[in-house]
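final18.cif follows; it contains mmCIF, C-alpha atoms, pLDDT in the B column; chains and numbers go by the auth columns.
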data_work
#
loop_
_atom_site.group_PDB
_atom_site.id
_atom_site.type_symbol
_atom_site.label_atom_id
_atom_site.label_comp_id
_atom_site.label_asym_id
_atom_site.label_seq_id
_atom_site.Cartn_x
_atom_site.Cartn_y
_atom_site.Cartn_z
_atom_site.B_iso_or_equiv
_atom_site.auth_seq_id
_atom_site.auth_asym_id
ATOM 1 C CA MET A 1 -86.663 15.362 37.032 33.00 8 L
ATOM 2 C CA GLU A 2 -83.672 14.677 34.794 39.00 9 L
ATOM 3 C CA ARG A 3 -80.252 14.971 36.276 43.00 10 L
ATOM 4 C CA ASN A 4 -77.571 16.733 34.210 45.00 11 L
ATOM 5 C CA ARG A 5 -76.031 14.043 31.997 50.00 12 L
ATOM 6 C CA THR A 6 -72.444 14.989 32.779 47.00 13 L
ATOM 7 C CA GLY A 7 -73.015 14.814 36.502 73.00 14 L
ATOM 8 C CA LYS A 8 -70.993 17.982 37.070 82.00 15 L
ATOM 9 C CA PRO A 9 -72.111 20.087 40.026 88.00 16 L
ATOM 10 C CA GLU A 10 -73.634 23.436 39.174 91.00 17 L
ATOM 11 C CA LEU A 11 -71.580 26.490 40.068 93.00 18 L
ATOM 12 C CA SER A 12 -72.771 29.655 41.742 95.00 19 L
ATOM 13 C CA PHE A 13 -72.905 33.040 40.036 95.00 20 L
ATOM 14 C CA TRP A 14 -69.661 34.141 41.699 96.00 21 L
ATOM 15 C CA GLN A 15 -67.866 30.910 40.818 95.00 22 L
ATOM 16 C CA ILE A 16 -68.761 31.487 37.162 96.00 23 L
ATOM 17 C CA TRP A 17 -67.706 35.135 37.549 96.00 24 L
ATOM 18 C CA ASN A 18 -64.296 34.051 38.887 96.00 25 L
ATOM 19 C CA MET A 19 -63.681 31.514 36.125 94.00 26 L
ATOM 20 C CA CYS A 20 -64.521 34.071 33.407 94.00 27 L
ATOM 21 C CA PHE A 21 -62.914 37.146 34.966 96.00 28 L
ATOM 22 C CA GLY A 22 -59.590 36.555 33.224 94.00 29 L
ATOM 23 C CA PHE A 23 -61.263 37.253 29.894 93.00 30 L
ATOM 24 C CA LEU A 24 -61.469 40.918 30.940 95.00 31 L
ATOM 25 C CA GLY A 25 -57.681 41.183 30.832 94.00 32 L
ATOM 26 C CA ILE A 26 -57.323 39.155 27.652 94.00 33 L
ATOM 27 C CA GLN A 27 -59.755 41.427 25.835 94.00 34 L
ATOM 28 C CA PHE A 28 -58.025 44.463 27.320 94.00 35 L
ATOM 29 C CA GLY A 29 -54.834 43.365 25.624 93.00 36 L
ATOM 30 C CA PHE A 30 -56.566 42.667 22.312 92.00 37 L
ATOM 31 C CA ALA A 31 -58.375 46.020 22.297 94.00 38 L
ATOM 32 C CA LEU A 32 -55.214 48.002 23.077 95.00 39 L
ATOM 33 C CA GLN A 33 -53.391 46.138 20.335 93.00 40 L
ATOM 34 C CA ASN A 34 -56.107 46.711 17.737 91.00 41 L
ATOM 35 C CA ALA A 35 -56.657 50.383 18.554 91.00 42 L
ATOM 36 C CA ASN A 36 -53.088 51.619 19.017 93.00 43 L
ATOM 37 C CA VAL A 37 -50.475 49.462 17.286 93.00 44 L
ATOM 38 C CA SER A 38 -50.926 51.161 13.893 91.00 45 L
ATOM 39 C CA ARG A 39 -50.307 54.489 15.620 90.00 46 L
ATOM 40 C CA ILE A 40 -47.107 53.089 17.122 93.00 47 L
ATOM 41 C CA PHE A 41 -45.990 51.784 13.730 93.00 48 L
ATOM 42 C CA GLN A 42 -46.547 55.208 12.160 91.00 49 L
ATOM 43 C CA THR A 43 -44.705 56.905 14.993 91.00 50 L
ATOM 44 C CA LEU A 44 -41.712 54.655 14.301 90.00 51 L
ATOM 45 C CA GLY A 45 -41.691 55.600 10.631 89.00 52 L
ATOM 46 C CA ALA A 46 -43.985 53.120 8.880 87.00 53 L
ATOM 47 C CA GLU A 47 -45.693 54.356 5.739 88.00 54 L
ATOM 48 C CA MET A 48 -49.434 53.820 5.325 87.00 55 L
ATOM 49 C CA ASP A 49 -48.938 51.132 2.670 84.00 56 L
ATOM 50 C CA GLN A 50 -46.580 49.219 4.990 86.00 57 L
ATOM 51 C CA ILE A 51 -49.016 48.902 7.889 88.00 58 L
ATOM 52 C CA PRO A 52 -51.180 46.094 6.405 86.00 59 L
ATOM 53 C CA LEU A 53 -48.036 44.037 5.833 83.00 60 L
ATOM 54 C CA LEU A 54 -46.920 44.601 9.416 84.00 61 L
ATOM 55 C CA TRP A 55 -50.328 43.417 10.629 86.00 62 L
ATOM 56 C CA ILE A 56 -50.185 40.130 8.730 84.00 63 L
ATOM 57 C CA ALA A 57 -48.371 38.542 11.666 74.00 64 L
ATOM 58 C CA ALA A 58 -51.404 38.809 13.959 73.00 65 L
ATOM 59 C CA PRO A 59 -53.977 36.673 12.075 77.00 66 L
ATOM 60 C CA LEU A 60 -51.320 34.210 10.929 83.00 67 L
ATOM 61 C CA THR A 61 -50.196 33.773 14.516 82.00 68 L
ATOM 62 C CA GLY A 62 -53.737 33.018 15.630 79.00 69 L
ATOM 63 C CA LEU A 63 -54.206 30.456 12.874 85.00 70 L
ATOM 64 C CA ILE A 64 -51.059 28.638 13.989 88.00 71 L
ATOM 65 C CA VAL A 65 -51.204 29.019 17.761 89.00 72 L
ATOM 66 C CA GLN A 66 -54.878 28.340 18.518 87.00 73 L
ATOM 67 C CA PRO A 67 -55.110 24.748 17.228 89.00 74 L
ATOM 68 C CA ILE A 68 -51.741 23.829 18.730 91.00 75 L
ATOM 69 C CA VAL A 69 -52.609 25.212 22.161 91.00 76 L
ATOM 70 C CA GLY A 70 -56.070 23.635 22.013 87.00 77 L
ATOM 71 C CA TYR A 71 -54.559 20.235 21.207 90.00 78 L
ATOM 72 C CA LEU A 72 -51.904 20.478 23.920 90.00 79 L
ATOM 73 C CA SER A 73 -54.215 21.775 26.655 88.00 80 L
ATOM 74 C CA ASP A 74 -56.605 18.862 26.066 86.00 81 L
ATOM 75 C CA ARG A 75 -53.704 16.546 26.898 87.00 82 L
ATOM 76 C CA THR A 76 -52.118 18.466 29.760 85.00 83 L
ATOM 77 C CA TRP A 77 -52.393 17.827 33.472 87.00 84 L
ATOM 78 C CA THR A 78 -50.143 19.538 36.022 86.00 85 L
ATOM 79 C CA GLY A 79 -50.296 20.527 39.642 84.00 86 L
ATOM 80 C CA LEU A 80 -51.928 23.734 38.450 87.00 87 L
ATOM 81 C CA GLY A 81 -54.501 21.886 36.375 89.00 88 L
ATOM 82 C CA ARG A 82 -55.261 21.467 32.715 89.00 89 L
ATOM 83 C CA ARG A 83 -56.056 24.916 31.306 92.00 90 L
ATOM 84 C CA ARG A 84 -54.698 27.270 33.960 93.00 91 L
ATOM 85 C CA PRO A 85 -50.988 26.776 33.085 93.00 92 L
ATOM 86 C CA TYR A 86 -51.753 28.152 29.615 94.00 93 L
ATOM 87 C CA PHE A 87 -53.712 31.065 31.092 93.00 94 L
ATOM 88 C CA LEU A 88 -50.770 31.987 33.278 94.00 95 L
ATOM 89 C CA VAL A 89 -47.971 31.579 30.726 95.00 96 L
ATOM 90 C CA GLY A 90 -49.924 33.489 28.090 95.00 97 L
ATOM 91 C CA ALA A 91 -50.766 36.289 30.529 95.00 98 L
ATOM 92 C CA VAL A 92 -47.153 36.743 31.687 96.00 99 L
ATOM 93 C CA LEU A 93 -45.820 36.863 28.115 96.00 100 L
ATOM 94 C CA ALA A 94 -48.601 39.183 26.925 96.00 101 L
ATOM 95 C CA THR A 95 -48.014 41.529 29.845 97.00 102 L
ATOM 96 C CA LEU A 96 -44.313 41.764 29.029 97.00 103 L
ATOM 97 C CA ALA A 97 -45.156 42.453 25.379 96.00 104 L
ATOM 98 C CA LEU A 98 -47.607 45.209 26.377 96.00 105 L
ATOM 99 C CA PHE A 99 -44.868 46.873 28.431 97.00 106 L
ATOM 100 C CA VAL A 100 -42.360 46.628 25.561 96.00 107 L
ATOM 101 C CA MET A 101 -44.600 47.681 22.665 95.00 108 L
ATOM 102 C CA PRO A 102 -44.927 51.446 23.390 94.00 109 L
ATOM 103 C CA ASN A 103 -41.197 51.630 24.169 94.00 110 L
ATOM 104 C CA SER A 104 -40.017 49.932 20.970 92.00 111 L
ATOM 105 C CA PRO A 105 -36.947 51.803 19.681 92.00 112 L
ATOM 106 C CA ALA A 106 -37.372 50.633 16.088 92.00 113 L
ATOM 107 C CA LEU A 107 -40.120 49.531 13.731 92.00 114 L
ATOM 108 C CA TRP A 108 -38.845 45.962 13.412 91.00 115 L
ATOM 109 C CA ILE A 109 -38.894 45.562 17.197 93.00 116 L
ATOM 110 C CA ALA A 110 -42.488 46.803 17.346 92.00 117 L
ATOM 111 C CA ALA A 111 -43.467 44.357 14.580 91.00 118 L
ATOM 112 C CA GLY A 112 -41.799 41.472 16.415 91.00 119 L
ATOM 113 C CA THR A 113 -43.457 42.504 19.671 93.00 120 L
ATOM 114 C CA LEU A 114 -46.854 42.467 17.951 92.00 121 L
ATOM 115 C CA TRP A 115 -46.190 38.887 16.915 91.00 122 L
ATOM 116 C CA VAL A 116 -45.258 37.919 20.488 93.00 123 L
ATOM 117 C CA LEU A 117 -48.251 39.802 21.909 93.00 124 L
ATOM 118 C CA ASP A 118 -50.750 38.171 19.584 92.00 125 L
ATOM 119 C CA ALA A 119 -49.293 34.701 20.136 92.00 126 L
ATOM 120 C CA SER A 120 -49.329 35.176 23.913 94.00 127 L
ATOM 121 C CA ILE A 121 -52.923 36.371 23.997 93.00 128 L
ATOM 122 C CA ASN A 122 -53.962 33.387 21.897 91.00 129 L
ATOM 123 C CA ILE A 123 -52.138 31.040 24.274 93.00 130 L
ATOM 124 C CA ALA A 124 -54.221 32.407 27.141 91.00 131 L
ATOM 125 C CA MET A 125 -57.497 32.829 25.259 89.00 132 L
ATOM 126 C CA GLU A 126 -57.985 29.468 23.526 85.00 133 L
ATOM 127 C CA PRO A 127 -58.054 27.326 26.718 89.00 134 L
ATOM 128 C CA PHE A 128 -60.447 29.844 28.324 87.00 135 L
ATOM 129 C CA ARG A 129 -63.174 28.798 25.884 84.00 136 L
ATOM 130 C CA ALA A 130 -62.662 25.122 26.692 88.00 137 L
ATOM 131 C CA PHE A 131 -62.598 25.985 30.407 91.00 138 L
ATOM 132 C CA VAL A 132 -66.350 26.636 30.359 89.00 139 L
ATOM 133 C CA GLY A 133 -67.030 23.179 28.950 87.00 140 L
ATOM 134 C CA ASP A 134 -64.743 21.592 31.509 89.00 141 L
ATOM 135 C CA GLN A 135 -66.227 23.336 34.518 90.00 142 L
ATOM 136 C CA LEU A 136 -69.937 23.737 33.827 91.00 143 L
ATOM 137 C CA PRO A 137 -72.768 21.272 33.285 90.00 144 L
ATOM 138 C CA VAL A 138 -74.593 21.585 29.982 88.00 145 L
ATOM 139 C CA ARG A 139 -77.461 23.673 31.340 91.00 146 L
ATOM 140 C CA GLN A 140 -75.065 26.319 32.729 93.00 147 L
ATOM 141 C CA ARG A 141 -72.783 26.636 29.704 92.00 148 L
ATOM 142 C CA PRO A 142 -74.843 29.344 27.958 93.00 149 L
ATOM 143 C CA GLY A 143 -74.531 31.416 31.145 94.00 150 L
ATOM 144 C CA GLY A 144 -70.784 30.804 31.228 94.00 151 L
ATOM 145 C CA TYR A 145 -70.319 31.933 27.639 94.00 152 L
ATOM 146 C CA ALA A 146 -72.571 34.925 28.297 95.00 153 L
ATOM 147 C CA MET A 147 -70.349 35.891 31.240 96.00 154 L
ATOM 148 C CA GLN A 148 -67.301 35.652 28.989 94.00 155 L
ATOM 149 C CA SER A 149 -69.073 37.877 26.446 94.00 156 L
ATOM 150 C CA PHE A 150 -69.800 40.409 29.187 96.00 157 L
ATOM 151 C CA PHE A 151 -66.123 40.670 30.101 96.00 158 L
ATOM 152 C CA ILE A 152 -65.165 40.821 26.417 94.00 159 L
ATOM 153 C CA GLY A 153 -67.487 43.812 25.979 95.00 160 L
ATOM 154 C CA VAL A 154 -66.290 45.621 29.094 96.00 161 L
ATOM 155 C CA GLY A 155 -62.627 45.043 28.249 94.00 162 L
ATOM 156 C CA SER A 156 -63.075 46.216 24.661 94.00 163 L
ATOM 157 C CA VAL A 157 -64.875 49.443 25.538 95.00 164 L
ATOM 158 C CA VAL A 158 -62.661 50.486 28.441 95.00 165 L
ATOM 159 C CA ALA A 159 -59.348 49.603 26.766 95.00 166 L
ATOM 160 C CA SER A 160 -60.275 51.314 23.494 94.00 167 L
ATOM 161 C CA ALA A 161 -61.269 54.478 25.331 94.00 168 L
ATOM 162 C CA LEU A 162 -58.347 54.474 27.757 94.00 169 L
ATOM 163 C CA PRO A 163 -55.955 56.823 25.866 93.00 170 L
ATOM 164 C CA PHE A 164 -58.840 59.301 25.425 93.00 171 L
ATOM 165 C CA LEU A 165 -59.713 59.043 29.114 94.00 172 L
ATOM 166 C CA LEU A 166 -56.093 59.599 30.102 95.00 173 L
ATOM 167 C CA ALA A 167 -55.895 62.651 27.825 94.00 174 L
ATOM 168 C CA ALA A 168 -59.083 63.994 29.385 94.00 175 L
ATOM 169 C CA GLY A 169 -57.434 63.519 32.768 93.00 176 L
ATOM 170 C CA GLY A 170 -54.489 65.697 31.772 92.00 177 L
ATOM 171 C CA VAL A 171 -51.971 63.163 30.461 92.00 178 L
ATOM 172 C CA ASP A 172 -50.027 64.471 27.464 91.00 179 L
ATOM 173 C CA ASN A 173 -51.381 63.069 24.182 88.00 180 L
ATOM 174 C CA THR A 174 -48.616 64.523 22.018 85.00 181 L
ATOM 175 C CA ALA A 175 -44.940 63.664 21.686 80.00 182 L
ATOM 176 C CA GLY A 176 -41.903 64.497 19.620 83.00 183 L
ATOM 177 C CA PRO A 177 -40.978 62.741 16.360 83.00 184 L
ATOM 178 C CA GLY A 178 -40.403 59.024 16.862 82.00 185 L
ATOM 179 C CA GLU A 179 -41.875 59.077 20.393 88.00 186 L
ATOM 180 C CA VAL A 180 -45.099 57.401 21.511 91.00 187 L
ATOM 181 C CA PRO A 181 -47.403 59.749 23.478 92.00 188 L
ATOM 182 C CA ALA A 182 -47.701 59.250 27.214 94.00 189 L
ATOM 183 C CA THR A 183 -51.410 58.426 26.885 94.00 190 L
ATOM 184 C CA VAL A 184 -50.600 55.357 24.790 94.00 191 L
ATOM 185 C CA ARG A 185 -47.674 54.256 26.954 95.00 192 L
ATOM 186 C CA TYR A 186 -49.680 54.512 30.181 96.00 193 L
ATOM 187 C CA ALA A 187 -52.642 52.748 28.569 96.00 194 L
ATOM 188 C CA PHE A 188 -50.395 49.802 27.662 97.00 195 L
ATOM 189 C CA TYR A 189 -48.898 49.706 31.164 97.00 196 L
ATOM 190 C CA PHE A 190 -52.354 49.759 32.719 96.00 197 L
ATOM 191 C CA GLY A 191 -53.566 47.122 30.270 95.00 198 L
ATOM 192 C CA GLY A 192 -50.658 44.843 31.108 96.00 199 L
ATOM 193 C CA ALA A 193 -51.452 45.113 34.809 96.00 200 L
ATOM 194 C CA VAL A 194 -55.157 44.429 34.212 96.00 201 L
ATOM 195 C CA LEU A 195 -54.353 41.416 32.041 96.00 202 L
ATOM 196 C CA LEU A 196 -51.979 39.829 34.539 96.00 203 L
ATOM 197 C CA LEU A 197 -54.138 40.535 37.599 97.00 204 L
ATOM 198 C CA SER A 198 -57.415 39.388 36.070 96.00 205 L
ATOM 199 C CA VAL A 199 -55.961 36.155 34.707 96.00 206 L
ATOM 200 C CA GLY A 200 -54.161 35.647 38.010 96.00 207 L
ATOM 201 C CA TRP A 201 -57.504 36.030 39.798 96.00 208 L
ATOM 202 C CA THR A 202 -59.036 33.265 37.684 95.00 209 L
ATOM 203 C CA VAL A 203 -56.011 31.008 38.194 94.00 210 L
ATOM 204 C CA LEU A 204 -56.100 31.451 41.980 94.00 211 L
ATOM 205 C CA ARG A 205 -59.877 31.457 42.483 94.00 212 L
ATOM 206 C CA THR A 206 -60.826 28.400 40.433 93.00 213 L
ATOM 207 C CA ARG A 207 -60.056 24.720 40.505 90.00 214 L
ATOM 208 C CA GLU A 208 -60.079 22.128 37.755 90.00 215 L
ATOM 209 C CA TYR A 209 -61.448 18.613 37.636 87.00 216 L
ATOM 210 C CA PRO A 210 -58.827 15.960 36.778 86.00 217 L
ATOM 211 C CA PRO A 211 -59.206 14.270 33.381 80.00 218 L
ATOM 212 C CA ALA A 212 -60.315 10.970 34.938 80.00 219 L
ATOM 213 C CA GLN A 213 -63.177 12.718 36.717 81.00 220 L
ATOM 214 C CA LEU A 214 -64.266 14.533 33.561 78.00 221 L
ATOM 215 C CA GLN A 215 -64.229 11.259 31.623 76.00 222 L
ATOM 216 C CA ALA A 216 -66.264 9.500 34.307 79.00 223 L
ATOM 217 C CA TRP A 217 -68.909 12.228 34.185 77.00 224 L
ATOM 218 C CA ASP A 218 -69.032 12.166 30.402 68.00 225 L
ATOM 219 C CA GLU A 219 -69.615 8.418 30.438 57.00 226 L
ATOM 220 C CA ALA A 220 -72.215 8.504 33.223 53.00 227 L
ATOM 221 C CA PRO A 221 -75.727 7.449 32.181 52.00 228 L
ATOM 222 C CA VAL A 222 -78.685 9.788 32.312 48.00 229 L
ATOM 223 C CA VAL A 223 -80.468 9.541 35.685 48.00 230 L
ATOM 224 C CA ARG A 224 -84.195 10.203 35.829 46.00 231 L
ATOM 225 C CA ARG A 225 -86.445 10.308 38.852 44.00 232 L
#

Can the structure from this file be put into structure tokens for me?
Amino acid sequence: MERNRTGKPELSFWQIWNMCFGFLGIQFGFALQNANVSRIFQTLGAEMDQIPLLWIAAPLTGLIVQPIVGYLSDRTWTGLGRRRPYFLVGAVLATLALFVMPNSPALWIAAGTLWVLDASINIAMEPFRAFVGDQLPVRQRPGGYAMQSFFIGVGSVVASALPFLLAAGGVDNTAGPGEVPATVRYAFYFGGAVLLLSVGWTVLRTREYPPAQLQAWDEAPVVRR
């Protein structure tokens, strides 16, 4: 029998569930952003040919933020751990942006909020991917990434359908000129709560190995018996 080269202990199904659960909220925020922000822009007076320009901020933000956060989180260690501080900061900022977005009084505020929202989600998301490698031995990593994919799928479907579900439940899906419908506002409020609570669950229900321990495991020889 060959022992796992890294020497990391295997985690149970529910431990893997807890460490990946925060991805549900992160994807909730992404799906709400992708499905509804153009509608908010149009409500605030954006013309169709302006919307692509307003969206440029999102991919550019990801290109800038992801490598920076990845670099910093590899070199961070606090009382809260290595990756979890980024989860928490990103979740708090993204939640605030989700609450502000449907209440933006002007187009430029909505565009700026999109930038903050996308940056905040990327701050939380990028360390989540590295979290699997930190926590799981090699043989369990495919299961960890599969669990993340499960929460990505659930978050995408539910968040994208949420305004429709709210309308079906009797929430008003129409509004006056320059006003965002109640279905969209409530969907963003609900999404912000889901994001913060799910990431908070992962932060509180997981622990992280200190860098010295991770390095010792990585340098451990293969043990056969």

| said: Quick check on the file I pasted: which residues fall under the PyMOL selection byres ((chain L and resi 25) around 8)? Write them as a ChimeraX atom specification. | reply: /L:21-24,26-29,208-209,212-213

| task | Can you pull out every residue within 12 Å of Trp122 (chain L), counting only C-alpha atoms, but drop anything in the same chain fewer than 4 positions away, and send it as an NGL selection string? | result | :L and (40 or 44 or 61-69 or 71-72 or 100-101 or 104-105 or 108 or 115-118 or 126-129)

Each region 17-86 of chain L residue no farther than 7 Å from region 195-201 of chain L, nearest pair in Å, all atoms listed in the file, as JSON lines:
{"residue": "L:Gly32", "atom": "CA", "partner": "L:Val201", "partner_atom": "CA", "distance": 5.3}
{"residue": "L:Phe35", "atom": "CA", "partner": "L:Gly198", "partner_atom": "CA", "distance": 6.0}
{"residue": "L:Gly36", "atom": "CA", "partner": "L:Gly198", "partner_atom": "CA", "distance": 6.1}
{"residue": "L:Leu39", "atom": "CA", "partner": "L:Phe195", "partner_atom": "CA", "distance": 6.9}

| message | Applying 12 Å and all atoms listed in the file, which residues near Ser80 (chain L) remain after dropping the ones on its own chain fewer than 4 positions away? List them as a list in words. | response |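 These residues fall inside the cut-off: Val72, Gln73, Pro74, Ile75, Val76, Trp84, Thr85, Gly88, Arg89, Arg90, Arg91, Pro92, Tyr93, Phe94, Ile130, Ala131, Met132, Glu133, Pro134, Phe135, Arg136, Ala137, Phe138, Asp141 and Pro218 of chain L.
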
| field | Proximity to Gln34 (chain L) - best of L:Gln49, L:Thr190, L:Gln155, L:Ser111, only C-alpha atoms | value |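 Residue with the minimum atom-to-atom distance to Gln34 (chain L): L:Gln155.
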
| query | How many Å lie between CA of Thr83 (chain L) and CA of Phe20 (chain L), rounded to one decimal? | reply |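 So the answer is 27.4 Å.
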
| request: Kindly give the distance, in Å, that separates CA of Gly14 (chain L) and CA of Ala223 (chain L), rounded to a single decimal. | output: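 Between CA of Gly14 (chain L) and CA of Ala223 (chain L) the gap is 8.9 Å.
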
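Compared by their closest atoms to Ala168 (chain L), and using all atoms listed in the file, the residues L:Arg82, L:Val123, L:Asn43, L:Pro16 rank with L:Asn43 nearest.
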
| the PyMOL selection byres ((chain L and resi 187) around 12) applied to the shown file, residues as JSON, numbers by chain | {"L": [43, 44, 45, 46, 47, 48, 49, 50, 51, 52, 107, 108, 109, 110, 111, 112, 113, 117, 170, 179, 180, 181, 182, 183, 184, 185, 186, 188, 189, 190, 191, 192, 193, 194, 195]}

| request: Would you work out the distance separating CA of Gly97 (chain L) from CA of Val164 (chain L), expressed in Å to one decimal? | output: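 Those two atoms sit 22.0 Å apart.
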
Box for region 186-198 of chain L - axis-aligned, 6 Å on each of the six sides, all listed atoms - centre and size in Å to one decimal, as lines of an AutoDock Vina configuration file.
center_x = -47.7
center_y = 53.4
center_z = 26.6
size_x = 23.7
size_y = 24.6
size_z = 24.3

| query | Closest to Glu215 (chain L) among L:Asp81, L:Leu124, L:Leu95, L:Gln142, using all atoms listed in the file? | reply |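 Using all atoms listed in the file, the shortest distance to Glu215 (chain L) belongs to L:Gln142.
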
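Compared by their closest atoms to Val206 (chain L), and using all atoms listed in the file, the residues L:Thr102, L:Gln57, L:Gly77, L:Ser19 rank with L:Thr102 nearest.
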
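Distances to Leu211 (chain L) were evaluated for L:Leu87, L:Ile33, L:Ala53, L:Leu60 using all atoms listed in the file, and the minimum falls at L:Leu87.
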
Using the atoms already present, construct all heavy atoms for region 193-200 of chain L and hand them back as a compact mmCIF listing (two decimals), keeping the file's coordinate frame.
# COMPACT_ATOMS: atom_id res chain seq x y z
N TYR L 193 -49.02 54.81 28.91
CA TYR L 193 -49.68 54.51 30.18
C TYR L 193 -50.85 53.55 29.99
O TYR L 193 -51.12 52.71 30.85
CB TYR L 193 -50.15 55.79 30.85
CG TYR L 193 -49.03 56.70 31.31
CD1 TYR L 193 -49.25 58.05 31.58
CD2 TYR L 193 -47.73 56.22 31.47
CE1 TYR L 193 -48.23 58.89 31.99
CE2 TYR L 193 -46.71 57.05 31.88
CZ TYR L 193 -46.96 58.38 32.14
OH TYR L 193 -45.94 59.20 32.54
N ALA L 194 -51.55 53.67 28.86
CA ALA L 194 -52.64 52.75 28.57
C ALA L 194 -52.12 51.32 28.45
O ALA L 194 -52.73 50.37 28.96
CB ALA L 194 -53.37 53.16 27.29
N PHE L 195 -50.97 51.14 27.80
CA PHE L 195 -50.40 49.80 27.66
C PHE L 195 -49.91 49.28 29.01
O PHE L 195 -50.05 48.09 29.31
CB PHE L 195 -49.26 49.82 26.64
CG PHE L 195 -49.71 49.58 25.23
CD1 PHE L 195 -50.47 50.54 24.55
CD2 PHE L 195 -49.40 48.41 24.57
CE1 PHE L 195 -50.89 50.33 23.25
CE2 PHE L 195 -49.82 48.18 23.26
CZ PHE L 195 -50.57 49.14 22.60
N TYR L 196 -49.33 50.14 29.83
CA TYR L 196 -48.90 49.71 31.16
C TYR L 196 -50.10 49.27 32.00
O TYR L 196 -50.08 48.22 32.66
CB TYR L 196 -48.17 50.83 31.90
CG TYR L 196 -46.93 51.35 31.22
CD1 TYR L 196 -46.44 52.62 31.50
CD2 TYR L 196 -46.22 50.58 30.30
CE1 TYR L 196 -45.30 53.11 30.89
CE2 TYR L 196 -45.08 51.06 29.67
CZ TYR L 196 -44.63 52.34 29.97
OH TYR L 196 -43.50 52.83 29.35
N PHE L 197 -51.14 50.08 31.96
CA PHE L 197 -52.35 49.76 32.72
C PHE L 197 -52.97 48.47 32.19
O PHE L 197 -53.39 47.60 32.97
CB PHE L 197 -53.35 50.91 32.62
CG PHE L 197 -54.59 50.72 33.43
CD1 PHE L 197 -54.59 50.93 34.80
CD2 PHE L 197 -55.78 50.31 32.83
CE1 PHE L 197 -55.74 50.74 35.56
CE2 PHE L 197 -56.93 50.13 33.57
CZ PHE L 197 -56.91 50.35 34.94
N GLY L 198 -53.01 48.34 30.86
CA GLY L 198 -53.57 47.12 30.27
C GLY L 198 -52.79 45.88 30.65
O GLY L 198 -53.38 44.82 30.91
N GLY L 199 -51.46 45.98 30.69
CA GLY L 199 -50.66 44.84 31.11
C GLY L 199 -50.96 44.43 32.54
O GLY L 199 -51.06 43.23 32.84
N ALA L 200 -51.12 45.42 33.42
CA ALA L 200 -51.45 45.11 34.81
C ALA L 200 -52.83 44.47 34.93
O ALA L 200 -53.01 43.48 35.66
CB ALA L 200 -51.40 46.39 35.65
